[in-house]
Amino acid sequence: MDLAYLWFFIVGVLFVGYFVLDGFDFGVGMSLPFLGKDDVGRRQIINTIGPVWDLNETWVIVAGACLFAAFPEWYATLFSGFYLALLLILLALIARGVSFEYRHQRDGLRWKKGFDTMIVIGSALPAFLWGVAVANIVQGVPLDADHEFTGSLLTLLNPYGLLGGLTTLLLFFTHGVYFVALKTDGQVRRDARRLAIRSGLITVVVAATFLIWTVVNAGAAGAPALVLVIVCAALAAVLLIASVVTNATDREGWAFGFGAATVAFAVLTLWLALFPNVMPSTTDPAGTLTIENASSTDYTLTIMTWAAVIFLPLVLLYQGWTYWIFRKRVTRSRIERAAASAH
């Protein structure tokens, strides 16, 4: 296989990892107003991702770096054309990270409430905007013959893009609530199960609509991997329904696993619908970026491939070890004891 095509799928796998891992992070953050009845409950929720949220975010850094190195034309067009949307995502992630670190520095109610609000906004905004961005990449945007984006932020806020944003928002929210149910006990755990049933049913309807629209668009565009697009979309739908059913029967681990697989196959659906383009032009066909005209030289891709073979397994082992170490539930009694000892 040509290395450019190989790296198209490697970058896709990196974004799958990011959306699966940081996706439930976003969902946990968005669940605070619905599940955190008191400060102990909110600390339970936040502590479920306390040891891993920053590790999960490194996936987008690696994905962006690989995109820059493997497909510099794609990177340049994407980051210049989607500059404002990506800047909003960056600012939201900064606000969210700062809130995790500073929330516990003072005991004042207003202090904690302010940072809790920043966590919610800093989780919801990226969850929505990532969906808008990826949906527009797949659908195509106005590019001229020099591969320069000729639209604006409002260009991205089209019906398909907005539905993509709503889909990722709901998918991540439900995925995160599954994680809260898996990692907590007591009232927070019971509330999370009930909330996941309601949000899961809404997500099924919205995600199914988006996936059907994606398949129809791929068919109209003559996507060469249309059969795989259909298969991945169908698997994503079945897995999402399975996650809702297993959550309703109190099998939290299965629900979270099915939720993670749902996000993975949804992203793969979009990636395969995009193939062999990396950014289609809706105005000038000469402006369309493909895997071949957007990639780096074979020499660069060869070096990157060897680096990936050596370092990617180490990264996966380290992240797996981290999750194993922090696998236990965050119990309410532990939070209460820590608060009592602090005073």
# chains A, B, ... in the order shown; residues from 1 in each chain; ligands from 1
>>> residues_around(residues="region 324-326 of chain A", least_positions_apart="4", cutoff="10 Å", atoms="only C-alpha atoms", output="list of chain:residue names")
A:Thr48, A:Ile49, A:Gly50, A:Pro51, A:Val52, A:Lys183, A:Tyr318, A:Gln319, A:Gly320, A:Val330
>>> closest_residue(among="A:Ala260, A:Val98, A:Val13, A:Leu87", to="Val62 (chain A)", atoms="only C-alpha atoms")
A:Val13
>>> select_by_dssp(residues="region 167-336 of chain A", states="strand (DSSP E)", output="list in words")
Asn277, Val278, Met279, Leu289 and Thr290 of chain A
>>> closest_residue(among="A:Ile197, A:Ile61, A:Val138, A:Val188", to="Val245 (chain A)", atoms="only C-alpha atoms")
A:Ile197
>>> decode(residues="region 185-277 of chain A", atoms="C-alpha atoms", output="compact mmCIF listing (two decimals), in the first residue's frame")
# COMPACT_ATOMS: atom_id res chain seq x y z
CA ASP A 185 -21.34 4.59 43.57
CA GLY A 186 -24.42 5.69 45.47
CA GLN A 187 -26.83 8.34 44.22
CA VAL A 188 -24.54 9.59 41.47
CA ARG A 189 -24.32 6.09 39.99
CA ARG A 190 -28.11 5.58 40.08
CA ASP A 191 -28.78 9.01 38.59
CA ALA A 192 -26.23 8.39 35.84
CA ARG A 193 -27.94 5.16 34.81
CA ARG A 194 -31.31 6.89 34.54
CA LEU A 195 -29.88 9.88 32.69
CA ALA A 196 -28.06 7.63 30.21
CA ILE A 197 -31.33 5.93 29.27
CA ARG A 198 -32.98 9.26 28.41
CA SER A 199 -29.97 10.75 26.63
CA GLY A 200 -29.28 7.45 24.87
CA LEU A 201 -32.74 7.31 23.29
CA ILE A 202 -32.39 10.88 22.00
CA THR A 203 -28.90 10.11 20.72
CA VAL A 204 -30.15 7.07 18.79
CA VAL A 205 -32.61 9.22 16.82
CA VAL A 206 -30.17 12.07 16.11
CA ALA A 207 -27.17 9.84 15.31
CA ALA A 208 -29.24 7.60 13.03
CA THR A 209 -30.42 10.64 11.07
CA PHE A 210 -26.86 11.91 10.69
CA LEU A 211 -25.46 8.53 9.66
CA ILE A 212 -28.21 8.01 7.06
CA TRP A 213 -27.53 11.49 5.66
CA THR A 214 -23.81 10.65 5.51
CA VAL A 215 -24.44 7.40 3.62
CA VAL A 216 -26.77 9.17 1.16
CA ASN A 217 -24.16 11.90 0.55
CA ALA A 218 -21.43 9.29 0.08
CA GLY A 219 -23.59 7.42 -2.44
CA ALA A 220 -24.38 10.62 -4.36
CA ALA A 221 -20.67 11.50 -4.46
CA GLY A 222 -19.77 8.04 -5.74
CA ALA A 223 -17.58 7.17 -2.75
CA PRO A 224 -15.39 4.16 -3.71
CA ALA A 225 -15.70 2.71 -0.19
CA LEU A 226 -19.51 3.05 -0.09
CA VAL A 227 -20.06 -0.56 1.02
CA LEU A 228 -17.69 -0.07 3.98
CA VAL A 229 -19.39 3.24 4.79
CA ILE A 230 -22.75 1.47 5.00
CA VAL A 231 -21.32 -1.36 7.09
CA CYS A 232 -19.64 0.99 9.58
CA ALA A 233 -22.76 3.17 9.85
CA ALA A 234 -24.91 0.09 10.51
CA LEU A 235 -22.46 -1.19 13.13
CA ALA A 236 -22.41 2.22 14.85
CA ALA A 237 -26.23 2.20 15.01
CA VAL A 238 -26.41 -1.36 16.37
CA LEU A 239 -23.71 -0.70 18.96
CA LEU A 240 -25.41 2.49 20.13
CA ILE A 241 -28.67 0.63 20.66
CA ALA A 242 -26.75 -2.13 22.46
CA SER A 243 -25.20 0.45 24.80
CA VAL A 244 -28.63 1.82 25.71
CA VAL A 245 -30.02 -1.68 26.34
CA THR A 246 -27.07 -2.86 28.46
CA ASN A 247 -27.16 0.35 30.50
CA ALA A 248 -30.87 -0.17 31.16
CA THR A 249 -30.05 -3.67 32.48
CA ASP A 250 -27.36 -2.32 34.83
CA ARG A 251 -24.37 -3.70 32.89
CA GLU A 252 -22.29 -0.54 33.04
CA GLY A 253 -19.05 -1.99 31.71
CA TRP A 254 -20.76 -3.34 28.61
CA ALA A 255 -22.63 -0.06 28.11
CA PHE A 256 -19.40 1.93 28.22
CA GLY A 257 -17.65 -0.53 25.91
CA PHE A 258 -20.48 -0.42 23.39
CA GLY A 259 -20.51 3.38 23.66
CA ALA A 260 -16.79 3.55 22.88
CA ALA A 261 -17.26 1.23 19.89
CA THR A 262 -20.16 3.40 18.69
CA VAL A 263 -17.97 6.50 18.62
CA ALA A 264 -15.18 4.55 16.88
CA PHE A 265 -17.40 3.24 14.09
CA ALA A 266 -19.14 6.60 13.67
CA VAL A 267 -15.75 8.26 13.06
CA LEU A 268 -14.73 5.44 10.72
CA THR A 269 -17.96 5.99 8.78
CA LEU A 270 -17.01 9.61 8.20
CA TRP A 271 -13.39 8.76 7.37
CA LEU A 272 -14.40 6.18 4.78
CA ALA A 273 -17.01 8.53 3.31
CA LEU A 274 -14.20 11.07 2.84
CA PHE A 275 -11.79 8.62 1.11
CA PRO A 276 -9.89 9.15 -1.22
CA ASN A 277 -10.27 12.89 -0.67
